[in-house]
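input19.txt follows; it contains compact mmCIF, C-alpha atoms and all ligand atoms.
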# COMPACT_ATOMS: atom_id res chain seq x y z
CA MET R 1 12.10 -10.89 -42.17
CA TRP R 2 9.95 -13.90 -41.35
CA ALA R 3 7.06 -14.35 -39.00
CA GLU R 4 7.84 -17.06 -36.52
CA THR R 5 4.83 -19.10 -37.54
CA VAL R 6 3.01 -19.24 -40.87
CA ALA R 7 -0.43 -20.93 -41.06
CA VAL R 8 -1.95 -21.88 -44.41
CA THR R 9 -5.44 -23.21 -45.13
CA GLY R 10 -5.87 -25.50 -48.11
CA ALA R 11 -2.21 -26.39 -47.58
CA GLY R 12 -2.64 -29.96 -48.77
CA SER R 13 -2.55 -29.17 -52.47
CA GLY R 14 -1.75 -26.67 -55.19
CA ILE R 15 -1.05 -23.07 -54.27
CA GLY R 16 -1.41 -23.56 -50.49
CA ARG R 17 1.05 -26.45 -50.56
CA ALA R 18 3.56 -24.36 -52.52
CA VAL R 19 3.27 -21.49 -50.04
CA LEU R 20 3.72 -23.79 -47.06
CA LEU R 21 6.83 -25.39 -48.57
CA ALA R 22 8.30 -22.03 -49.59
CA ALA R 23 7.83 -20.71 -46.03
CA ALA R 24 9.38 -23.93 -44.74
CA ALA R 25 12.40 -23.44 -47.01
CA ARG R 26 12.94 -20.08 -45.29
CA GLY R 27 13.01 -21.76 -41.91
CA ALA R 28 9.57 -20.71 -40.68
CA ARG R 29 7.48 -22.69 -38.26
CA VAL R 30 4.57 -23.84 -40.39
CA ALA R 31 1.02 -25.08 -39.85
CA ALA R 32 -0.73 -26.99 -42.65
CA LEU R 33 -4.51 -26.79 -42.33
CA ASP R 34 -6.70 -28.76 -44.71
CA VAL R 35 -9.99 -30.64 -44.72
CA ASN R 36 -7.98 -33.48 -46.26
CA GLU R 37 -6.08 -34.67 -43.21
CA ALA R 38 -3.79 -37.04 -45.09
CA ALA R 39 -2.78 -34.32 -47.55
CA ALA R 40 -2.04 -31.92 -44.69
CA ALA R 41 0.06 -34.56 -42.93
CA SER R 42 2.01 -35.27 -46.09
CA VAL R 43 2.84 -31.63 -46.78
CA ALA R 44 3.81 -31.04 -43.14
CA GLU R 45 6.24 -33.95 -43.45
CA GLN R 46 7.68 -32.44 -46.65
CA ALA R 47 7.94 -29.06 -44.90
CA LEU R 48 10.30 -30.51 -42.32
CA THR R 49 12.50 -31.88 -45.09
CA ALA R 50 12.36 -28.49 -46.84
CA GLY R 51 13.76 -26.77 -43.75
CA ALA R 52 10.83 -25.80 -41.52
CA ALA R 53 11.83 -25.06 -37.94
CA ARG R 54 8.69 -26.95 -36.91
CA ALA R 55 5.63 -28.21 -38.74
CA VAL R 56 2.17 -29.30 -37.70
CA ALA R 57 -0.69 -30.72 -39.73
CA VAL R 58 -4.24 -30.02 -38.62
CA ARG R 59 -7.52 -31.20 -40.06
CA CYS R 60 -9.64 -28.09 -40.60
CA ASP R 61 -12.87 -27.51 -42.49
CA VAL R 62 -12.79 -23.77 -43.05
CA ALA R 63 -16.57 -23.71 -43.53
CA SER R 64 -17.09 -24.86 -39.93
CA GLU R 65 -16.77 -22.34 -37.10
CA SER R 66 -15.91 -24.98 -34.50
CA SER R 67 -13.41 -26.71 -36.78
CA VAL R 68 -11.53 -23.48 -37.53
CA ALA R 69 -11.48 -22.45 -33.86
CA ALA R 70 -10.21 -25.88 -32.77
CA ALA R 71 -7.61 -25.93 -35.55
CA PHE R 72 -6.15 -22.57 -34.52
CA ASP R 73 -6.05 -23.72 -30.88
CA THR R 74 -4.08 -26.77 -32.01
CA VAL R 75 -1.74 -24.63 -34.11
CA SER R 76 -1.10 -22.20 -31.24
CA ALA R 77 -0.33 -25.05 -28.85
CA ALA R 78 1.92 -26.90 -31.30
CA VAL R 79 3.93 -24.19 -33.04
CA GLY R 80 2.84 -20.89 -31.49
CA ASP R 81 0.35 -18.20 -32.54
CA PRO R 82 0.80 -17.52 -36.26
CA GLY R 83 2.20 -14.12 -37.19
CA ALA R 84 1.32 -14.68 -40.84
CA VAL R 85 -1.81 -16.42 -42.07
CA TYR R 86 -2.79 -17.40 -45.58
CA ALA R 87 -6.58 -17.92 -45.92
CA ASN R 88 -6.45 -19.87 -49.14
CA ALA R 89 -8.74 -22.92 -49.08
CA GLY R 90 -11.27 -22.81 -51.88
CA ILE R 91 -13.48 -24.93 -54.10
CA GLU R 92 -15.11 -24.40 -57.47
CA VAL R 93 -18.48 -25.73 -58.63
CA ASN R 94 -19.56 -24.77 -62.12
CA ALA R 95 -23.11 -25.10 -63.45
CA ALA R 96 -25.48 -23.06 -65.56
CA LEU R 97 -26.95 -20.43 -63.29
CA HIS R 98 -30.59 -21.26 -64.12
CA GLU R 99 -29.96 -24.84 -62.97
CA PHE R 100 -27.50 -24.19 -60.15
CA PRO R 101 -28.35 -26.35 -57.11
CA ALA R 102 -28.85 -24.05 -54.11
CA GLY R 103 -26.88 -26.43 -51.93
CA ASP R 104 -23.85 -26.18 -54.21
CA TRP R 105 -24.10 -22.39 -54.24
CA GLU R 106 -24.19 -22.35 -50.44
CA ARG R 107 -21.25 -24.75 -50.24
CA VAL R 108 -19.10 -22.58 -52.54
CA VAL R 109 -19.87 -19.46 -50.50
CA ALA R 110 -19.41 -21.38 -47.21
CA VAL R 111 -15.90 -22.55 -48.12
CA ASN R 112 -14.62 -19.63 -50.19
CA LEU R 113 -16.12 -16.67 -48.35
CA VAL R 114 -17.34 -17.73 -44.90
CA GLY R 115 -14.17 -19.83 -44.67
CA VAL R 116 -12.04 -16.74 -45.26
CA PHE R 117 -13.99 -14.85 -42.60
CA LEU R 118 -13.65 -17.64 -40.02
CA THR R 119 -9.94 -18.13 -40.75
CA CYS R 120 -9.18 -14.41 -40.60
CA ARG R 121 -11.20 -13.99 -37.41
CA GLU R 122 -9.13 -16.59 -35.59
CA ALA R 123 -5.94 -15.11 -37.01
CA LEU R 124 -6.84 -11.51 -36.17
CA ARG R 125 -7.88 -12.34 -32.59
CA ARG R 126 -4.41 -13.71 -31.92
CA LEU R 127 -2.60 -10.94 -33.80
CA VAL R 128 -4.50 -8.21 -31.94
CA ASP R 129 -3.79 -9.89 -28.57
CA ALA R 130 -0.09 -10.26 -29.37
CA GLY R 131 0.15 -6.57 -30.32
CA ARG R 132 3.02 -7.09 -32.75
CA GLY R 133 1.25 -6.48 -36.07
CA GLY R 134 1.12 -9.29 -38.61
CA SER R 135 0.10 -10.21 -42.11
CA VAL R 136 -2.99 -11.92 -43.47
CA VAL R 137 -3.34 -12.88 -47.13
CA CYS R 138 -6.48 -14.19 -48.83
CA THR R 139 -6.85 -15.81 -52.24
CA SER R 140 -9.10 -13.95 -54.65
CA SER R 141 -9.41 -14.68 -58.37
CA PRO R 142 -9.76 -12.92 -61.72
CA ALA R 143 -13.38 -14.09 -61.43
CA ALA R 144 -13.85 -11.35 -58.83
CA PHE R 145 -13.03 -8.71 -61.45
CA VAL R 146 -13.94 -10.01 -64.90
CA GLY R 147 -16.69 -12.26 -66.18
CA HIS R 148 -16.05 -15.62 -67.79
CA SER R 149 -18.76 -16.49 -70.28
CA GLY R 150 -20.17 -19.97 -70.63
CA GLY R 151 -18.35 -21.36 -67.63
CA GLY R 152 -21.20 -21.52 -65.12
CA ASN R 153 -18.82 -19.66 -62.83
CA SER R 154 -21.26 -17.34 -61.04
CA ALA R 155 -21.16 -18.86 -57.55
CA TYR R 156 -17.37 -18.95 -57.56
CA ALA R 157 -17.18 -15.40 -58.94
CA ALA R 158 -19.60 -14.14 -56.29
CA SER R 159 -17.61 -15.79 -53.51
CA LYS R 160 -14.30 -14.35 -54.75
CA GLY R 161 -15.84 -10.91 -55.26
CA GLY R 162 -16.82 -11.14 -51.59
CA VAL R 163 -13.26 -12.04 -50.63
CA SER R 164 -11.89 -8.99 -52.44
CA ALA R 165 -14.36 -6.63 -50.78
CA PHE R 166 -13.67 -8.27 -47.41
CA VAL R 167 -9.91 -7.73 -47.81
CA ARG R 168 -10.24 -4.00 -48.49
CA SER R 169 -12.51 -3.41 -45.52
CA ALA R 170 -10.55 -5.62 -43.11
CA ALA R 171 -7.32 -3.88 -44.13
CA LEU R 172 -8.73 -0.54 -43.00
CA ASP R 173 -10.06 -1.95 -39.72
CA TYR R 174 -6.75 -3.54 -38.74
CA ALA R 175 -4.28 -0.98 -40.07
CA PRO R 176 -4.29 0.78 -36.67
CA TYR R 177 -2.98 -2.48 -35.16
CA GLY R 178 -0.20 -2.75 -37.72
CA ILE R 179 -1.90 -5.84 -39.14
CA ARG R 180 -1.87 -5.93 -42.92
CA VAL R 181 -4.57 -7.68 -44.98
CA ASN R 182 -3.99 -8.30 -48.67
CA ALA R 183 -5.14 -10.56 -51.49
CA VAL R 184 -3.33 -12.49 -54.15
CA VAL R 185 -5.06 -12.90 -57.50
CA PRO R 186 -3.72 -16.02 -59.20
CA GLY R 187 -4.57 -16.49 -62.85
CA ALA R 188 -5.02 -19.96 -64.33
CA THR R 189 -2.60 -21.93 -62.20
CA ASP R 190 -1.69 -25.55 -62.81
CA THR R 191 -3.29 -27.25 -59.80
CA ALA R 192 -5.88 -29.95 -59.18
CA MET R 193 -8.60 -27.29 -59.17
CA LEU R 194 -7.86 -26.21 -62.72
CA THR R 195 -8.50 -29.63 -64.22
CA ALA R 196 -11.02 -30.97 -61.69
CA GLY R 197 -13.94 -32.71 -63.36
CA GLY R 198 -12.38 -32.40 -66.81
CA ALA R 199 -12.18 -35.54 -68.94
CA ASP R 200 -8.91 -34.50 -70.58
CA PRO R 201 -6.65 -32.46 -68.27
CA ASP R 202 -4.04 -31.81 -70.99
CA ARG R 203 -6.67 -30.35 -73.31
CA LEU R 204 -8.04 -28.19 -70.48
CA ARG R 205 -4.53 -26.93 -69.67
CA ALA R 206 -3.80 -26.14 -73.32
CA ALA R 207 -7.15 -24.36 -73.76
CA ALA R 208 -6.55 -22.26 -70.65
CA ALA R 209 -3.03 -21.34 -71.80
CA THR R 210 -4.31 -19.87 -75.08
CA GLN R 211 -6.11 -17.14 -73.09
CA ILE R 212 -2.95 -16.02 -71.31
CA PRO R 213 -0.62 -13.37 -72.77
CA LEU R 214 2.47 -15.13 -71.39
CA GLY R 215 1.25 -18.21 -73.26
CA ARG R 216 1.26 -20.68 -70.42
CA LEU R 217 -0.35 -21.57 -67.12
CA GLY R 218 1.06 -20.27 -63.88
CA ARG R 219 2.93 -22.62 -61.59
CA PRO R 220 1.99 -22.88 -57.90
CA ASP R 221 5.52 -21.82 -56.92
CA GLU R 222 5.13 -18.61 -58.94
CA VAL R 223 1.98 -17.69 -57.03
CA ALA R 224 3.71 -18.75 -53.81
CA ALA R 225 6.49 -16.21 -54.42
CA ALA R 226 3.89 -13.44 -54.56
CA VAL R 227 2.12 -14.71 -51.44
CA LEU R 228 5.36 -15.05 -49.49
CA TRP R 229 6.20 -11.46 -50.25
CA LEU R 230 2.81 -10.35 -48.93
CA LEU R 231 3.15 -12.55 -45.84
CA SER R 232 6.64 -11.27 -45.07
CA GLY R 233 7.87 -7.97 -43.66
CA GLU R 234 9.26 -7.16 -47.13
CA SER R 235 5.79 -5.84 -48.00
CA SER R 236 5.57 -3.80 -44.79
CA TYR R 237 3.89 -0.79 -46.45
CA VAL R 238 1.32 -2.82 -48.42
CA THR R 239 -2.19 -3.33 -47.11
CA GLY R 240 -5.63 -3.52 -48.68
CA SER R 241 -3.94 -4.46 -51.95
CA HIS R 242 -4.46 -7.09 -54.62
CA LEU R 243 -1.30 -8.61 -56.05
CA VAL R 244 -2.17 -9.96 -59.49
CA CYS R 245 -0.14 -12.97 -60.61
CA ASP R 246 -1.92 -14.01 -63.81
CA GLY R 247 0.49 -13.99 -66.75
CA GLY R 248 -1.17 -10.85 -68.07
CA LEU R 249 -4.69 -12.29 -68.22
CA MET R 250 -6.34 -9.14 -66.90
CA ALA R 251 -3.90 -6.64 -68.41
P1 LIG R 301 -6.42 -27.20 -55.04
O1 LIG R 301 -7.70 -27.90 -55.30
O2 LIG R 301 -5.15 -27.75 -55.59
O3 LIG R 301 -6.21 -27.01 -53.46
C1 LIG R 301 -7.26 -26.60 -52.62
C2 LIG R 301 -7.04 -27.20 -51.24
O4 LIG R 301 -8.09 -26.70 -50.40
C3 LIG R 301 -7.12 -28.73 -51.22
O5 LIG R 301 -6.04 -29.26 -50.50
C4 LIG R 301 -8.44 -28.99 -50.51
O6 LIG R 301 -8.46 -30.21 -49.77
C5 LIG R 301 -8.56 -27.78 -49.61
N1 LIG R 301 -9.93 -27.53 -49.18
C6 LIG R 301 -11.07 -27.62 -49.91
N2 LIG R 301 -12.13 -27.37 -49.15
C7 LIG R 301 -11.66 -27.11 -47.91
C8 LIG R 301 -12.28 -26.80 -46.67
N3 LIG R 301 -13.61 -26.74 -46.55
N4 LIG R 301 -11.49 -26.58 -45.59
C9 LIG R 301 -10.14 -26.68 -45.69
N5 LIG R 301 -9.51 -27.01 -46.82
C10 LIG R 301 -10.26 -27.22 -47.91
O7 LIG R 301 -6.68 -25.73 -55.58
P2 LIG R 301 -5.73 -24.45 -55.78
O8 LIG R 301 -5.73 -24.14 -57.21
O9 LIG R 301 -4.45 -24.61 -55.06
O10 LIG R 301 -6.62 -23.35 -55.06
C11 LIG R 301 -6.18 -22.58 -53.95
C12 LIG R 301 -6.93 -21.27 -53.95
O11 LIG R 301 -6.59 -20.55 -55.15
C13 LIG R 301 -8.45 -21.40 -53.97
O12 LIG R 301 -9.02 -20.42 -53.13
C14 LIG R 301 -8.81 -21.12 -55.41
O13 LIG R 301 -10.13 -20.64 -55.54
C15 LIG R 301 -7.78 -20.09 -55.76
N6 LIG R 301 -7.52 -19.89 -57.18
C16 LIG R 301 -7.03 -20.90 -57.95
C17 LIG R 301 -6.78 -20.68 -59.30
C18 LIG R 301 -6.25 -21.76 -60.19
O14 LIG R 301 -6.22 -21.56 -61.43
N7 LIG R 301 -5.80 -22.89 -59.69
C19 LIG R 301 -7.02 -19.36 -59.91
C20 LIG R 301 -7.52 -18.36 -59.00
C21 LIG R 301 -7.75 -18.63 -57.68
Could you show the structure in this file as structure tokens?
Amino acid sequence: MWAETVAVTGAGSGIGRAVLLAAAARGARVAALDVNEAAAASVAEQALTAGAARAVAVRCDVASESSVAAAFDTVSAAVGDPGAVYANAGIEVNAALHEFPAGDWERVVAVNLVGVFLTCREALRRLVDAGRGGSVVCTSSPAAFVGHSGGGNSAYAASKGGVSAFVRSAALDYAPYGIRVNAVVPGATDTAMLTAGGADPDRLRAAAATQIPLGRLGRPDEVAAAVLWLLSGESSYVTGSHLVCDGGLMA
């Protein structure tokens, strides 16, 4: 059973793009939100080819309250209020903690955590008003649960730990409305984020794969399958949960 409209933040690339296209292939009306307007427009175009009933691309900086509010207004006008929302946009900045620039720390938290709050707030307002339940999914990370030594990953880990705590609490608050709130926990997934800033992407991919029991990186479409299940009515009795899709990394 599919929500009439699925909205995805960070839809221009990687996991968000895969989720948008998978929802499109099931005939959903889709909204691609991304700070990269060109990337959002491109994926919305591909969504129509993939089978979306309708598709809209909206520039949206999830760290900005006014941008998120305006983006959801645009989505509602263009394709209808979303019944399923994937708060996925995220960034990663790695640096040794004792030298971490405060501005970078704030930026990571602003996009990854405040962005999830702002996205979910707009989504929940509409879902509560509509009174028909709904599904919200956020993207957490293994970094929320286990440390990663030597990676300078503390800001990212803190932001994702916040997302996981947020999901549990929001799930309880909105359960009485029939609105489910869950998280997906992708492991090392082969996207632009994984190799960003690395001089040799193939070496980075190979190094990451050695840590994974299944012996390889995840593909965006594999994470998308997990997210689609959470977004859909097929997971109707699941809320406040974390669906781990990590090739056994945290087993
Ligand atoms: P990606 O870099 O391929 O895609 C991220 C998208 O978010 C891009 O299209 C980017 O333009 C957009 N974005 C960045 N800042 C934004 C903002 N302020 N407002 C709106 N859009 C913005 O990365 P990927 O891998 O697809 O990441 C998606 C989510 O998955 C992120 O939350 C990330 O932290 C999480 N994740 C990724 C893992 C991986 O190994 N790739 C592992 C665990 C979690």
(message) Would you compute the distance between atom CA of Ala22 of chain R and atom CA of Cys138 of chain R? Give it in Å to one decimal.
(response) 16.7 Å
(request) Find the residues near Gly90 of chain R: any atom within 8 Å, counting all atoms listed in the file, skip ones fewer than 5 places away on the same chain, and give them as a PyMOL selection string. (result) chain R and resi 10+108+111-112
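When all atoms listed in the file are used to measure the gap to ligand LIG 301 (chain R), the shortest distance among R:Gly178, R:Gly133, R:Gly247, R:Gly83 belongs to R:Gly247.
Between atom CA of Ser140 of chain R and atom C11 of ligand LIG 301 (chain R) there is a distance of 9.1 Å.
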(message) Please list, as a PyMOL selection string, the residues that have an atom at most 10 Å away from (2.6, -18.1, -55.3) in the coordinates of this file, counting only C-alpha atoms.
(response) chain R and resi 14-19+22+184-186+189+218-229+245
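For the choices R:Val8, R:Ala130, R:Leu20, R:Ala110, the atom-to-atom distance to Val75 of chain R is smallest for R:Val8 when using all atoms listed in the file.
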Write out as a tab-separated table the residues of chain R that have any atom within 7 Å of an atom of ligand LIG 301 (chain R), one row each with the nearest atom pair and its distance in Å to one decimal, counting all atoms listed in the file, sorted by chain and then rising number.
residue	atom	partner	partner_atom	distance
R:Thr9	CA	R:LIG301	N5	5.8
R:Gly10	CA	R:LIG301	O4	3.4
R:Ala11	CA	R:LIG301	O5	5.6
R:Gly12	CA	R:LIG301	O5	3.9
R:Ser13	CA	R:LIG301	O5	4.0
R:Gly14	CA	R:LIG301	O9	3.4
R:Ile15	CA	R:LIG301	O9	3.8
R:Gly16	CA	R:LIG301	O9	5.6
R:Leu33	CA	R:LIG301	C9	6.6
R:Asp34	CA	R:LIG301	N5	3.9
R:Val35	CA	R:LIG301	C9	4.1
R:Asn36	CA	R:LIG301	O6	4.8
R:Ala39	CA	R:LIG301	O5	6.7
R:Cys60	CA	R:LIG301	C9	5.3
R:Asp61	CA	R:LIG301	N4	3.5
R:Val62	CA	R:LIG301	N4	4.0
R:Ala63	CA	R:LIG301	N3	5.2
R:Asn88	CA	R:LIG301	O12	4.8
R:Ala89	CA	R:LIG301	O4	4.1
R:Gly90	CA	R:LIG301	O12	3.5
R:Ile91	CA	R:LIG301	C6	5.5
R:Glu92	CA	R:LIG301	O13	6.5
R:Val111	CA	R:LIG301	N3	5.0
R:Asn112	CA	R:LIG301	O12	6.4
R:Thr139	CA	R:LIG301	O12	5.2
R:Ser140	CA	R:LIG301	C21	5.7
R:Ser141	CA	R:LIG301	C20	4.2
R:Pro142	CA	R:LIG301	C20	6.5
R:Val185	CA	R:LIG301	C20	6.2
R:Pro186	CA	R:LIG301	C20	4.5
R:Gly187	CA	R:LIG301	C19	4.8
R:Ala188	CA	R:LIG301	O14	3.5
R:Thr189	CA	R:LIG301	O14	3.7
R:Asp190	CA	R:LIG301	N7	5.8
R:Thr191	CA	R:LIG301	O2	4.6
R:Ala192	CA	R:LIG301	O2	4.3
R:Met193	CA	R:LIG301	O1	4.0
R:Leu194	CA	R:LIG301	N7	4.9
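If you look at atom CA of Pro176 of chain R and atom CA of Val109 of chain R, they are 29.0 Å away from each other.
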For segment 216-231 of chain R, where the input has fewer atoms than it should, I would like N, CA and C atoms rebuilt and written as a short mmCIF file (atom, residue, chain, number, x, y, z; two decimals), keeping the file's coordinate frame.
data_model
loop_
_atom_site.label_atom_id
_atom_site.label_comp_id
_atom_site.auth_asym_id
_atom_site.auth_seq_id
_atom_site.Cartn_x
_atom_site.Cartn_y
_atom_site.Cartn_z
N ARG R 216 1.20 -19.44 -71.20
CA ARG R 216 1.26 -20.68 -70.42
C ARG R 216 0.54 -20.49 -69.10
N LEU R 217 0.24 -21.63 -68.45
CA LEU R 217 -0.35 -21.57 -67.12
C LEU R 217 0.68 -21.09 -66.11
N GLY R 218 0.18 -20.59 -65.00
CA GLY R 218 1.06 -20.27 -63.88
C GLY R 218 1.41 -21.54 -63.12
N ARG R 219 2.56 -21.50 -62.46
CA ARG R 219 2.93 -22.62 -61.59
C ARG R 219 2.63 -22.23 -60.15
N PRO R 220 2.25 -23.20 -59.31
CA PRO R 220 1.99 -22.88 -57.90
C PRO R 220 3.15 -22.15 -57.23
N ASP R 221 4.38 -22.50 -57.59
CA ASP R 221 5.52 -21.82 -56.92
C ASP R 221 5.62 -20.36 -57.33
N GLU R 222 5.11 -20.01 -58.53
CA GLU R 222 5.13 -18.61 -58.94
C GLU R 222 4.13 -17.78 -58.13
N VAL R 223 2.96 -18.38 -57.88
CA VAL R 223 1.98 -17.69 -57.03
C VAL R 223 2.51 -17.62 -55.60
N ALA R 224 3.17 -18.70 -55.19
CA ALA R 224 3.71 -18.75 -53.81
C ALA R 224 4.71 -17.63 -53.58
N ALA R 225 5.51 -17.30 -54.59
CA ALA R 225 6.49 -16.21 -54.42
C ALA R 225 5.78 -14.90 -54.12
N ALA R 226 4.66 -14.66 -54.80
CA ALA R 226 3.89 -13.44 -54.56
C ALA R 226 3.28 -13.46 -53.15
N VAL R 227 2.76 -14.61 -52.76
CA VAL R 227 2.12 -14.71 -51.44
C VAL R 227 3.15 -14.55 -50.33
N LEU R 228 4.31 -15.16 -50.51
CA LEU R 228 5.36 -15.05 -49.49
C LEU R 228 5.77 -13.61 -49.27
N TRP R 229 5.84 -12.87 -50.37
CA TRP R 229 6.20 -11.46 -50.25
C TRP R 229 5.15 -10.72 -49.41
N LEU R 230 3.89 -11.00 -49.69
CA LEU R 230 2.81 -10.35 -48.93
C LEU R 230 2.82 -10.79 -47.46
N LEU R 231 3.14 -12.05 -47.21
CA LEU R 231 3.15 -12.55 -45.84
C LEU R 231 4.34 -12.00 -45.04
#
